[in-house]
>>> print(open('query.pdb').read())   # PDB, C-alpha atoms
ATOM      1  CA  MET A   1      38.991  17.852  -5.461
ATOM      2  CA  SER A   2      42.487  17.977  -4.015
ATOM      3  CA  ASN A   3      42.993  16.242  -0.681
ATOM      4  CA  THR A   4      45.239  19.057   0.538
ATOM      5  CA  ILE A   5      44.841  22.808   0.945
ATOM      6  CA  MET A   6      47.423  25.554   0.674
ATOM      7  CA  LEU A   7      47.743  28.304   3.282
ATOM      8  CA  LYS A   8      49.850  31.413   2.731
ATOM      9  CA  ILE A   9      50.543  33.057   6.076
ATOM     10  CA  ARG A  10      52.077  36.419   6.904
ATOM     11  CA  ARG A  11      54.404  35.757   9.821
ATOM     12  CA  GLN A  12      56.306  37.989  12.223
ATOM     13  CA  ALA A  13      58.557  36.828  15.045
ATOM     14  CA  ASP A  14      57.893  39.850  17.270
ATOM     15  CA  PRO A  15      56.728  43.484  17.007
ATOM     16  CA  GLY A  16      60.212  44.760  16.198
ATOM     17  CA  THR A  17      61.036  42.474  13.265
ATOM     18  CA  PRO A  18      59.832  42.610   9.642
ATOM     19  CA  SER A  19      57.079  40.281   8.468
ATOM     20  CA  TYR A  20      57.519  37.548   5.873
ATOM     21  CA  TRP A  21      55.355  35.040   4.019
ATOM     22  CA  GLU A  22      55.381  31.282   4.534
ATOM     23  CA  GLU A  23      53.254  28.652   2.784
ATOM     24  CA  PHE A  24      51.922  25.395   4.179
ATOM     25  CA  LYS A  25      50.104  22.372   2.781
ATOM     26  CA  VAL A  26      47.708  20.613   5.129
ATOM     27  CA  PRO A  27      45.385  17.629   4.590
ATOM     28  CA  LEU A  28      41.805  18.579   3.770
ATOM     29  CA  LYS A  29      39.051  17.215   5.999
ATOM     30  CA  THR A  30      35.285  17.459   5.615
ATOM     31  CA  ASN A  31      33.761  20.615   7.139
ATOM     32  CA  MET A  32      37.218  21.796   8.146
ATOM     33  CA  ASN A  33      37.531  25.364   9.408
ATOM     34  CA  VAL A  34      40.654  27.507   9.287
ATOM     35  CA  VAL A  35      41.357  26.868  12.982
ATOM     36  CA  ALA A  36      41.582  23.143  12.250
ATOM     37  CA  ALA A  37      44.013  23.881   9.409
ATOM     38  CA  LEU A  38      46.194  25.960  11.737
ATOM     39  CA  MET A  39      46.107  23.155  14.297
ATOM     40  CA  GLU A  40      47.407  20.746  11.624
ATOM     41  CA  ILE A  41      50.371  23.084  11.114
ATOM     42  CA  GLN A  42      50.875  23.244  14.875
ATOM     43  CA  LYS A  43      51.029  19.440  15.051
ATOM     44  CA  ASN A  44      53.509  19.236  12.194
ATOM     45  CA  PRO A  45      55.259  22.595  11.592
ATOM     46  CA  VAL A  46      56.732  21.863   8.175
ATOM     47  CA  ASN A  47      56.240  24.400   5.381
ATOM     48  CA  ALA A  48      55.325  23.709   1.759
ATOM     49  CA  LEU A  49      59.041  23.404   0.857
ATOM     50  CA  GLY A  50      59.425  20.566   3.353
ATOM     51  CA  GLN A  51      61.434  22.695   5.761
ATOM     52  CA  LYS A  52      60.977  22.405   9.514
ATOM     53  CA  THR A  53      59.725  25.712  10.937
ATOM     54  CA  LEU A  54      58.207  27.189  14.070
ATOM     55  CA  PRO A  55      54.487  26.586  14.738
ATOM     56  CA  VAL A  56      52.245  29.442  13.656
ATOM     57  CA  VAL A  57      50.966  31.560  16.549
ATOM     58  CA  TRP A  58      47.353  32.749  16.612
ATOM     59  CA  ASP A  59      44.692  33.436  19.228
ATOM     60  CA  CYS A  60      41.395  31.662  19.830
ATOM     61  CA  SER A  61      39.092  30.763  22.689
ATOM     62  CA  CYS A  62      35.399  29.978  22.257
ATOM     63  CA  LEU A  63      35.445  28.509  18.712
ATOM     64  CA  GLU A  64      31.802  29.618  18.422
ATOM     65  CA  GLU A  65      32.166  33.152  16.952
ATOM     66  CA  VAL A  66      31.413  34.690  20.349
ATOM     67  CA  CYS A  67      34.733  35.847  21.846
ATOM     68  CA  GLY A  68      36.266  37.525  18.774
ATOM     69  CA  ALA A  69      39.770  36.407  19.766
ATOM     70  CA  CYS A  70      40.493  34.515  16.530
ATOM     71  CA  THR A  71      39.767  37.452  14.229
ATOM     72  CA  MET A  72      42.280  37.911  11.414
ATOM     73  CA  VAL A  73      42.309  38.885   7.749
ATOM     74  CA  ILE A  74      41.329  35.938   5.535
ATOM     75  CA  ASN A  75      41.717  36.473   1.799
ATOM     76  CA  GLY A  76      41.606  40.224   2.344
ATOM     77  CA  ARG A  77      38.588  40.276   4.663
ATOM     78  CA  ALA A  78      38.561  40.542   8.461
ATOM     79  CA  ARG A  79      36.605  37.667   9.994
ATOM     80  CA  GLN A  80      36.815  34.860  12.544
ATOM     81  CA  VAL A  81      38.764  31.738  11.603
ATOM     82  CA  CYS A  82      36.493  29.533  13.717
ATOM     83  CA  SER A  83      33.535  30.165  11.390
ATOM     84  CA  ALA A  84      35.508  30.246   8.133
ATOM     85  CA  LEU A  85      35.190  26.885   6.348
ATOM     86  CA  VAL A  86      38.145  26.130   4.084
ATOM     87  CA  GLU A  87      35.930  24.590   1.392
ATOM     88  CA  THR A  88      34.259  27.980   0.858
ATOM     89  CA  LEU A  89      37.543  29.873   0.463
ATOM     90  CA  SER A  90      39.653  30.365  -2.640
ATOM     91  CA  GLN A  91      43.182  28.985  -2.492
ATOM     92  CA  PRO A  92      45.780  29.660  -1.463
ATOM     93  CA  ILE A  93      44.030  30.768   1.710
ATOM     94  CA  ILE A  94      45.858  33.956   2.651
ATOM     95  CA  LEU A  95      46.022  34.673   6.388
ATOM     96  CA  GLU A  96      47.237  37.986   7.785
ATOM     97  CA  PRO A  97      47.019  39.644  11.220
ATOM     98  CA  LEU A  98      44.655  42.590  11.666
ATOM     99  CA  SER A  99      46.481  45.689  10.458
ATOM    100  CA  LYS A 100      44.915  48.200  12.870
ATOM    101  CA  PHE A 101      46.389  46.613  16.002
ATOM    102  CA  PRO A 102      49.966  45.921  17.179
ATOM    103  CA  VAL A 103      51.222  42.479  16.185
ATOM    104  CA  VAL A 104      52.295  40.270  19.081
ATOM    105  CA  ARG A 105      53.508  37.410  16.904
ATOM    106  CA  ASP A 106      52.417  35.938  13.574
ATOM    107  CA  LEU A 107      48.605  36.173  13.462
ATOM    108  CA  MET A 108      48.139  37.269  17.076
ATOM    109  CA  VAL A 109      47.489  40.962  17.714
ATOM    110  CA  ASP A 110      46.946  43.092  20.803
ATOM    111  CA  ARG A 111      43.350  44.425  20.816
ATOM    112  CA  SER A 112      43.639  46.021  24.261
ATOM    113  CA  VAL A 113      43.080  49.514  22.814
ATOM    114  CA  MET A 114      39.457  48.525  22.151
ATOM    115  CA  PHE A 115      38.968  47.709  25.816
ATOM    116  CA  GLU A 116      40.629  50.987  26.800
ATOM    117  CA  TYR A 117      38.040  52.771  24.656
ATOM    118  CA  LEU A 118      35.264  50.906  26.494
ATOM    119  CA  LYS A 119      36.716  52.250  29.749
ATOM    120  CA  LYS A 120      36.838  55.743  28.280
ATOM    121  CA  VAL A 121      33.111  55.691  27.429
ATOM    122  CA  LYS A 122      32.206  53.957  30.718
ATOM    123  CA  ALA A 123      30.579  50.967  29.015
ATOM    124  CA  TRP A 124      29.129  49.502  32.195
ATOM    125  CA  ILE A 125      26.277  49.985  34.638
ATOM    126  CA  GLU A 126      27.079  51.337  38.081
ATOM    127  CA  ILE A 127      25.853  49.272  41.017
ATOM    128  CA  ASP A 128      25.067  50.454  44.540
ATOM    129  CA  GLY A 129      26.893  47.726  46.424
ATOM    130  CA  THR A 130      26.623  43.975  45.945
ATOM    131  CA  HIS A 131      23.655  43.383  48.225
ATOM    132  CA  ASP A 132      20.276  42.357  46.832
ATOM    133  CA  LEU A 133      18.426  45.474  45.698
ATOM    134  CA  GLY A 134      15.430  43.586  44.395
ATOM    135  CA  PRO A 135      14.194  43.557  40.820
ATOM    136  CA  GLY A 136      15.393  46.364  38.602
ATOM    137  CA  PRO A 137      13.276  48.573  36.365
ATOM    138  CA  ARG A 138      11.415  46.820  33.572
ATOM    139  CA  VAL A 139      12.635  47.380  30.034
ATOM    140  CA  PRO A 140       9.992  47.405  27.272
ATOM    141  CA  GLN A 141      10.160  44.495  24.850
ATOM    142  CA  SER A 142      10.673  46.900  21.949
ATOM    143  CA  VAL A 143      13.829  48.251  23.608
ATOM    144  CA  GLN A 144      15.010  44.773  24.590
ATOM    145  CA  SER A 145      14.878  43.624  20.972
ATOM    146  CA  TRP A 146      17.261  46.199  19.519
ATOM    147  CA  ALA A 147      19.389  46.365  22.680
ATOM    148  CA  TYR A 148      20.036  42.637  22.376
ATOM    149  CA  GLU A 149      21.495  43.262  18.912
ATOM    150  CA  LEU A 150      24.037  45.693  20.346
ATOM    151  CA  SER A 151      24.882  43.374  23.243
ATOM    152  CA  ARG A 152      26.112  40.782  20.729
ATOM    153  CA  CYS A 153      29.219  42.855  19.969
ATOM    154  CA  MET A 154      32.263  40.696  20.730
ATOM    155  CA  THR A 155      34.911  43.437  20.396
ATOM    156  CA  CYS A 156      36.470  41.426  17.576
ATOM    157  CA  GLY A 157      37.939  44.402  15.715
ATOM    158  CA  CYS A 158      36.382  43.758  12.286
ATOM    159  CA  CYS A 159      34.760  47.202  12.264
ATOM    160  CA  MET A 160      38.067  48.829  13.233
ATOM    161  CA  GLU A 161      39.892  46.970  10.464
ATOM    162  CA  ALA A 162      37.350  48.137   7.870
ATOM    163  CA  CYS A 163      37.201  51.760   9.054
ATOM    164  CA  PRO A 164      39.446  54.166   7.090
ATOM    165  CA  GLN A 165      39.328  56.642   9.997
ATOM    166  CA  VAL A 166      41.089  54.175  12.303
ATOM    167  CA  ASN A 167      44.739  54.794  11.455
ATOM    168  CA  HIS A 168      47.998  56.048  12.949
ATOM    169  CA  ARG A 169      47.028  59.683  12.246
ATOM    170  CA  SER A 170      43.682  59.519  14.071
ATOM    171  CA  ASN A 171      42.494  58.862  17.619
ATOM    172  CA  PHE A 172      39.043  57.711  16.485
ATOM    173  CA  MET A 173      37.689  55.188  18.978
ATOM    174  CA  GLY A 174      35.799  53.298  16.297
ATOM    175  CA  PRO A 175      32.236  51.992  15.945
ATOM    176  CA  ALA A 176      32.368  49.274  18.614
ATOM    177  CA  ALA A 177      32.782  51.731  21.502
ATOM    178  CA  MET A 178      30.086  53.989  20.027
ATOM    179  CA  ALA A 179      27.640  51.085  19.888
ATOM    180  CA  GLN A 180      28.181  50.408  23.578
ATOM    181  CA  VAL A 181      27.497  54.061  24.409
ATOM    182  CA  ARG A 182      24.132  53.697  22.669
ATOM    183  CA  LEU A 183      23.431  50.402  24.447
ATOM    184  CA  PHE A 184      24.202  51.534  27.998
ATOM    185  CA  ASN A 185      22.574  54.949  27.591
ATOM    186  CA  ALA A 186      19.303  53.189  26.753
ATOM    187  CA  HIS A 187      19.318  51.088  29.933
ATOM    188  CA  PRO A 188      17.270  52.572  32.821
ATOM    189  CA  LEU A 189      20.182  52.089  35.227
ATOM    190  CA  GLY A 190      22.935  52.894  32.755
ATOM    191  CA  GLU A 191      21.288  56.224  31.989
ATOM    192  CA  SER A 192      22.874  57.700  35.124
ATOM    193  CA  LEU A 193      26.185  57.936  33.224
ATOM    194  CA  LYS A 194      24.633  59.134  29.973
ATOM    195  CA  ALA A 195      26.027  62.664  30.225
ATOM    196  CA  GLU A 196      29.551  61.355  30.871
ATOM    197  CA  ARG A 197      29.378  58.914  27.951
ATOM    198  CA  LEU A 198      28.144  61.552  25.537
ATOM    199  CA  GLY A 199      30.819  63.911  26.828
ATOM    200  CA  ALA A 200      33.480  61.277  26.161
ATOM    201  CA  ILE A 201      32.460  60.809  22.526
ATOM    202  CA  MET A 202      32.233  64.579  22.001
ATOM    203  CA  GLY A 203      35.933  64.892  22.745
ATOM    204  CA  PRO A 204      39.065  63.796  20.839
ATOM    205  CA  GLY A 205      38.571  60.502  19.015
ATOM    206  CA  GLY A 206      34.812  60.805  19.302
ATOM    207  CA  ILE A 207      31.837  60.905  16.988
ATOM    208  CA  THR A 208      33.054  63.852  14.912
ATOM    209  CA  ASP A 209      36.028  61.770  13.749
ATOM    210  CA  CYS A 210      33.669  59.307  12.010
ATOM    211  CA  GLY A 211      33.983  59.693   8.245
ATOM    212  CA  LYS A 212      30.594  58.034   7.491
ATOM    213  CA  ALA A 213      32.249  55.442   5.225
ATOM    214  CA  GLN A 214      29.756  52.792   6.458
ATOM    215  CA  ASN A 215      32.345  50.027   5.995
ATOM    216  CA  CYS A 216      31.869  49.046   9.633
ATOM    217  CA  GLU A 217      28.311  47.780   9.181
ATOM    218  CA  LYS A 218      29.303  45.652   6.186
ATOM    219  CA  ALA A 219      32.255  44.184   8.091
ATOM    220  CA  CYS A 220      30.429  43.396  11.358
ATOM    221  CA  PRO A 221      30.015  39.591  11.667
ATOM    222  CA  LYS A 222      27.002  40.081  13.955
ATOM    223  CA  GLY A 223      25.211  42.464  11.599
ATOM    224  CA  LEU A 224      24.990  45.333  14.099
ATOM    225  CA  PRO A 225      23.232  48.417  12.666
ATOM    226  CA  LEU A 226      26.324  50.547  13.205
ATOM    227  CA  THR A 227      25.436  53.203  10.630
ATOM    228  CA  ARG A 228      22.123  53.872  12.369
ATOM    229  CA  ILE A 229      23.804  53.933  15.777
ATOM    230  CA  LEU A 230      26.424  56.447  14.666
ATOM    231  CA  GLY A 231      23.694  58.643  13.183
ATOM    232  CA  GLU A 232      21.663  58.562  16.402
ATOM    233  CA  LEU A 233      24.701  59.414  18.524
ATOM    234  CA  SER A 234      25.594  62.244  16.158
ATOM    235  CA  ARG A 235      22.143  63.751  16.685
ATOM    236  CA  GLU A 236      22.338  63.295  20.463
ATOM    237  CA  THR A 237      25.755  64.908  20.764
ATOM    238  CA  THR A 238      24.734  67.790  18.486
ATOM    239  CA  ARG A 239      21.660  68.417  20.626
ATOM    240  CA  ARG A 240      23.746  68.238  23.794
ATOM    241  CA  GLY A 241      26.293  70.677  22.342
ATOM    242  CA  ILE A 242      23.617  73.208  21.327
ATOM    243  CA  LEU A 243      21.845  73.003  24.688
ATOM    244  CA  GLY A 244      25.152  73.420  26.488
ATOM    245  CA  TRP A 245      25.966  76.500  24.418
ATOM    246  CA  LEU A 246      22.510  78.017  25.063
ATOM    247  CA  SER A 247      22.774  77.472  28.803
ATOM    248  CA  ARG A 248      25.976  79.526  29.119
TER
END
>>> encode(input="query.pdb", output="structure tokens")
Amino acid sequence: MSNTIMLKIRRQADPGTPSYWEEFKVPLKTNMNVVAALMEIQKNPVNALGQKTLPVVWDCSCLEEVCGACTMVINGRARQVCSALVETLSQPIILEPLSKFPVVRDLMVDRSVMFEYLKKVKAWIEIDGTHDLGPGPRVPQSVQSWAYELSRCMTCGCCMEACPQVNHRSNFMGPAAMAQVRLFNAHPLGESLKAERLGAIMGPGGITDCGKAQNCEKACPKGLPLTRILGELSRETTRRGILGWLSR
């Protein structure tokens, strides 16, 4: 086995300049992940041609596949570089920024649109002040089990990257925001905003813009049952629309 690995990285100086490819050779270490390889480049920013270059820019935080910040496209698949071991990847390891979000620089993108969508669907639970209100309503264990699955979403953007409906011609909010609507609507306290959340996903960019490609569930690193969630929300919004029409 070679004692070095080759990385081919799509780079971009800023949002207004064209991208270009640059290759790097870094020493291979046991159990090395892609973050460690990028850190080797950062320590010694010399490309495969021996030319001095600028350090590669990327984003990361937790290094435990929890924050989603280090998500990028690795060998054509959106995933987190902290959990991607170089020994399991074919070489050259091709790194690209997520294509569904604005590039900040190199491999760093701006995912703020995902958080704006969470605001749009009111993905939170209202509180009545900060004083102690005592214990809240009990949630059945059966509900806790599947709700915990949805709470593991780290807003990484993998589902958005895989979704063909998320593009410059569509306002589709994507599966991540939809999953949070389902999660907070099921909570006894979050239910107070259920009508507003369903109303938000019945408007532009909502559930009707989903093309049912089911790529999102395959791409989700946490294995969220996104196809089932989208189906359940589709039924709920249809029921709400019919009842609203009948009550006119």
>>> atom_distance(input="query.pdb", atom1="atom CA of A:Glu191", atom2="atom CA of A:Lys122")
11.2 Å
>>> resolve_selection(input="query.pdb", expression="the PyMOL selection byres ((chain A and resi 193-208) around 8)", output="list in words")
Lys120, Val121, Lys122, Ser170, Asn171, Phe172, Met173, Met178, Val181, Phe184, Asn185, Gly190, Glu191, Ser192, Asp209, Cys210, Gly211, Leu230, Leu233, Ser234, Glu236 and Thr237 of chain A
>>> atom_distance(input="query.pdb", atom1="atom CA of A:Ile41", atom2="atom CA of A:Val56")
7.1 Å
>>> closest_residue(input="query.pdb", among="A:Gly241, A:Gly134, A:Gly76, A:Pro225", to="A:Glu161", atoms="all atoms listed in the file")
A:Gly76
>>> atom_distance(input="query.pdb", atom1="atom CA of A:Ile93", atom2="atom CA of A:Ala37")
10.3 Å
>>> closest_residue(input="query.pdb", among="A:Val104, A:Gly136, A:Phe115, A:His187", to="A:Tyr148", atoms="only C-alpha atoms")
A:His187
>>> residues_around(input="query.pdb", residues="stretch 44-55 of chain A", least_positions_apart="2", cutoff="6 Å", atoms="only C-alpha atoms", output="PDB file with C-alpha atoms, in the coordinates of the input")
ATOM      1  CA  GLU A  23      53.254  28.652   2.784  1.00  0.00           C
ATOM      2  CA  PHE A  24      51.922  25.395   4.179  1.00  0.00           C
ATOM      3  CA  LYS A  25      50.104  22.372   2.781  1.00  0.00           C
ATOM      4  CA  ILE A  41      50.371  23.084  11.114  1.00  0.00           C
ATOM      5  CA  GLN A  42      50.875  23.244  14.875  1.00  0.00           C
TER       6      GLN A  42
END
>>> closest_residue(input="query.pdb", among="A:Pro15, A:Gly174, A:Pro140, A:Pro97", to="A:Arg79", atoms="all atoms listed in the file")
A:Pro97
>>> closest_residue(input="query.pdb", among="A:Val66, A:Ile127, A:Val143, A:Val86", to="A:Lys222", atoms="all atoms listed in the file")
A:Val66
>>> residues_near_point(input="query.pdb", point="(45.6, 42.3, 14.1)", cutoff="9 Å", atoms="all atoms listed in the file", output="number ranges by chain")
A: 71-73, 96-104, 107-111, 157, 161
>>> axis_aligned_box(input="query.pdb", around="stretch 81-92 of chain A", padding_each_side="6 Å", output="lines of an AutoDock Vina configuration file")
center_x = 39.7
center_y = 28.2
center_z = 5.5
size_x = 24.2
size_y = 19.1
size_z = 28.4
>>> resolve_selection(input="query.pdb", expression="the PyMOL selection byres ((chain A and resi 27) around 7)", output="MDAnalysis selection string")
chainID A and resid 3:5 25:26 28:29
>>> closest_residue(input="query.pdb", among="A:Gln80, A:Thr30, A:Gln144, A:Asp14", to="A:Cys158", atoms="all atoms listed in the file")
A:Gln80
>>> residues_near_point(input="query.pdb", point="(24.7, 50.3, 14.4)", cutoff="7 Å", atoms="only C-alpha atoms", output="PyMOL selection string")
chain A and resi 179+217+224-230
>>> resolve_selection(input="query.pdb", expression="the PyMOL selection byres ((chain A and resi 84) around 6)", output="list in words")
Asn33, Val34, Val81, Cys82, Ser83 and Leu85 of chain A
>>> write_last_selection(input="query.pdb", atoms="C-alpha atoms", output="PDB file, in the coordinates of the input")
ATOM      1  CA  ASN A  33      37.531  25.364   9.408  1.00  0.00           C
ATOM      2  CA  VAL A  34      40.654  27.507   9.287  1.00  0.00           C
ATOM      3  CA  VAL A  81      38.764  31.738  11.603  1.00  0.00           C
ATOM      4  CA  CYS A  82      36.493  29.533  13.717  1.00  0.00           C
ATOM      5  CA  SER A  83      33.535  30.165  11.390  1.00  0.00           C
ATOM      6  CA  LEU A  85      35.190  26.885   6.348  1.00  0.00           C
TER       7      LEU A  85
END
>>> closest_residue(input="query.pdb", among="A:Asp128, A:Ile94, A:Gln165, A:Met39", to="A:Cys60", atoms="all atoms listed in the file")
A:Met39
